[in-house]
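All remarks here apply to the structure that follows.
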Amino acid sequence: MDSVWLTETEAQIIMQHALAATPEECCGLLVGYDQTVQRVIAIQNVSAHPKTHYLMDQGELARYLPEINGQGLDVVGFYHSHPNGHPVFSETDRRESLWDNRIHLIIGLKRNPPHFAAWKTSKGQVIPVAIQIQKRTTTQHRTLSK
């Protein structure tokens, strides 16, 4: 099974973003290399129905993508929350997944504490991905301006 690696700090950033956005869904980028997340970037949800759907702000994406590429990093994947549900990769998530072989990390807030699950899509298939939360020293952590 594939894995995505992120730090406890990055997991907390995603959780705090999800809790702050409730009752709406939050969304953002997982930035790094291979399947190792080096940075989490919150992106504004501009969906017309933010309580049940997310749509990343295209202007923010256009601003961050050149910076990410310029630092030799890549979009490892995306994250979003399900404020009133479980972290299940829905049919809508599959249908709207435009980047193949990227991680889709979902945080479900229905349980306490909230919990994560991840998948990736490849050639129309949805593949479960293990989440590895680790400690990382500061010298291993790259940052992007925000």
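The chains in the structure tokens are called A, B, ... from first to last as shown; in each chain the residues are counted from 1, and the ligands are counted from 1 in the order shown.
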_as a ChimeraX atom specification, please: the residues near stretch 78-86 of chain A (cut-off 9 Å, only C-alpha atoms, same-chain neighbours under 3 positions excluded)._
/A:14-15,17-19,21-31,40,42,51-54,75,102-111,114-118
*as a ChimeraX atom specification, which residues of chain A does DSSP assign to alpha helix (DSSP H)?*
/A:8-21,58-70,91-95
*Going by DSSP on the backbone, which bits of stretch 53-96 of chain A are strand (DSSP E or B)? Write them as a ChimeraX atom specification, please.*
/A:56,74-82
Produce a file of the selected residues containing all heavy atoms, as an mmCIF file, in the first residue's frame.
data_model
loop_
_atom_site.group_PDB
_atom_site.id
_atom_site.type_symbol
_atom_site.label_atom_id
_atom_site.label_comp_id
_atom_site.auth_asym_id
_atom_site.auth_seq_id
_atom_site.Cartn_x
_atom_site.Cartn_y
_atom_site.Cartn_z
ATOM 1 N N MET A 56 -11.348 25.020 -4.837
ATOM 2 C CA MET A 56 -10.188 25.842 -4.501
ATOM 3 C C MET A 56 -10.162 27.115 -5.336
ATOM 4 O O MET A 56 -10.424 27.090 -6.529
ATOM 5 C CB MET A 56 -8.896 25.059 -4.721
ATOM 6 C CG MET A 56 -8.722 23.958 -3.732
ATOM 7 S SD MET A 56 -7.062 23.254 -3.845
ATOM 8 C CE MET A 56 -7.278 21.861 -2.764
ATOM 9 N N ASP A 74 6.705 19.997 -5.411
ATOM 10 C CA ASP A 74 5.577 19.642 -6.258
ATOM 11 C C ASP A 74 4.323 19.583 -5.386
ATOM 12 O O ASP A 74 4.406 19.553 -4.160
ATOM 13 C CB ASP A 74 5.833 18.268 -6.896
ATOM 14 C CG ASP A 74 4.895 17.972 -8.059
ATOM 15 O OD1 ASP A 74 4.157 18.884 -8.499
ATOM 16 O OD2 ASP A 74 4.900 16.827 -8.530
ATOM 17 N N VAL A 75 3.186 19.563 -6.030
ATOM 18 C CA VAL A 75 1.942 19.334 -5.317
ATOM 19 C C VAL A 75 1.830 17.821 -5.123
ATOM 20 O O VAL A 75 1.605 17.077 -6.067
ATOM 21 C CB VAL A 75 0.730 19.887 -6.093
ATOM 22 C CG1 VAL A 75 -0.571 19.524 -5.383
ATOM 23 C CG2 VAL A 75 0.845 21.402 -6.263
ATOM 24 N N VAL A 76 2.056 17.389 -3.894
ATOM 25 C CA VAL A 76 1.953 15.972 -3.533
ATOM 26 C C VAL A 76 0.482 15.564 -3.569
ATOM 27 O O VAL A 76 0.137 14.451 -3.930
ATOM 28 C CB VAL A 76 2.549 15.733 -2.129
ATOM 29 C CG1 VAL A 76 2.277 14.323 -1.640
ATOM 30 C CG2 VAL A 76 4.043 16.026 -2.132
ATOM 31 N N GLY A 77 -0.372 16.514 -3.181
ATOM 32 C CA GLY A 77 -1.797 16.234 -3.173
ATOM 33 C C GLY A 77 -2.597 17.382 -2.611
ATOM 34 O O GLY A 77 -2.135 18.523 -2.559
ATOM 35 N N PHE A 78 -3.794 17.027 -2.179
ATOM 36 C CA PHE A 78 -4.774 18.004 -1.730
ATOM 37 C C PHE A 78 -5.404 17.504 -0.434
ATOM 38 O O PHE A 78 -5.404 16.308 -0.167
ATOM 39 C CB PHE A 78 -5.874 18.157 -2.787
ATOM 40 C CG PHE A 78 -5.322 18.381 -4.158
ATOM 41 C CD1 PHE A 78 -5.091 17.313 -5.010
ATOM 42 C CD2 PHE A 78 -4.997 19.655 -4.593
ATOM 43 C CE1 PHE A 78 -4.559 17.499 -6.276
ATOM 44 C CE2 PHE A 78 -4.463 19.855 -5.858
ATOM 45 C CZ PHE A 78 -4.241 18.776 -6.696
ATOM 46 N N TYR A 79 -5.959 18.421 0.322
ATOM 47 C CA TYR A 79 -6.731 18.002 1.491
ATOM 48 C C TYR A 79 -8.037 18.776 1.510
ATOM 49 O O TYR A 79 -8.142 19.870 0.949
ATOM 50 C CB TYR A 79 -5.948 18.194 2.798
ATOM 51 C CG TYR A 79 -5.785 19.621 3.257
ATOM 52 C CD1 TYR A 79 -6.747 20.220 4.076
ATOM 53 C CD2 TYR A 79 -4.674 20.371 2.901
ATOM 54 C CE1 TYR A 79 -6.594 21.520 4.514
ATOM 55 C CE2 TYR A 79 -4.516 21.667 3.329
ATOM 56 C CZ TYR A 79 -5.478 22.249 4.135
ATOM 57 O OH TYR A 79 -5.327 23.543 4.563
ATOM 58 N N HIS A 80 -9.030 18.174 2.121
ATOM 59 C CA HIS A 80 -10.272 18.876 2.410
ATOM 60 C C HIS A 80 -10.968 18.190 3.580
ATOM 61 O O HIS A 80 -10.579 17.105 3.989
ATOM 62 C CB HIS A 80 -11.172 19.005 1.179
ATOM 63 C CG HIS A 80 -11.887 17.759 0.767
ATOM 64 N ND1 HIS A 80 -11.299 16.774 -0.007
ATOM 65 C CD2 HIS A 80 -13.146 17.338 1.010
ATOM 66 C CE1 HIS A 80 -12.176 15.813 -0.230
ATOM 67 N NE2 HIS A 80 -13.302 16.117 0.384
ATOM 68 N N SER A 81 -11.965 18.873 4.111
ATOM 69 C CA SER A 81 -12.654 18.348 5.286
ATOM 70 C C SER A 81 -14.084 17.948 4.950
ATOM 71 O O SER A 81 -14.672 18.436 3.984
ATOM 72 C CB SER A 81 -12.668 19.401 6.403
ATOM 73 O OG SER A 81 -13.406 20.543 6.007
ATOM 74 N N HIS A 82 -14.598 17.057 5.763
ATOM 75 C CA HIS A 82 -16.015 16.708 5.780
ATOM 76 C C HIS A 82 -16.513 17.086 7.176
ATOM 77 O O HIS A 82 -16.388 16.300 8.115
ATOM 78 C CB HIS A 82 -16.216 15.222 5.508
ATOM 79 C CG HIS A 82 -15.932 14.810 4.104
ATOM 80 N ND1 HIS A 82 -15.936 13.497 3.708
ATOM 81 C CD2 HIS A 82 -15.669 15.535 2.990
ATOM 82 C CE1 HIS A 82 -15.676 13.425 2.405
ATOM 83 N NE2 HIS A 82 -15.493 14.652 1.956
#
*asked:* Calculated over only C-alpha atoms, which of the candidates A:Ala11, A:Leu73, A:Ala20, A:Met1 has the smallest distance to A:Gly32?
replied: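 Smallest distance to A:Gly32 is found for A:Leu73.
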_Which residues are near stretch 122-131 of chain A? Cut-off 7 Å, only C-alpha atoms, ignore same chain within fewer than 3 positions. Put them as number ranges by chain._
A: 1-5, 100-101, 118-119
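Atom CA of A:Leu6 sits 21.1 Å away from atom CA of A:Ser97.
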*Using only C-alpha atoms, find the one residue out of A:Ile13, A:Ile43, A:Val37, A:Leu98 that sits nearest to A:Leu55.*
A:Ile43
*Point out the residue among A:Gln71, A:Pro113, A:Lys120, A:Asp57 with the least atom-to-atom distance to A:Gln16, counting only C-alpha atoms.*
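Ranking A:Gln71, A:Pro113, A:Lys120, A:Asp57 by distance to A:Gln16, first place goes to A:Pro113.
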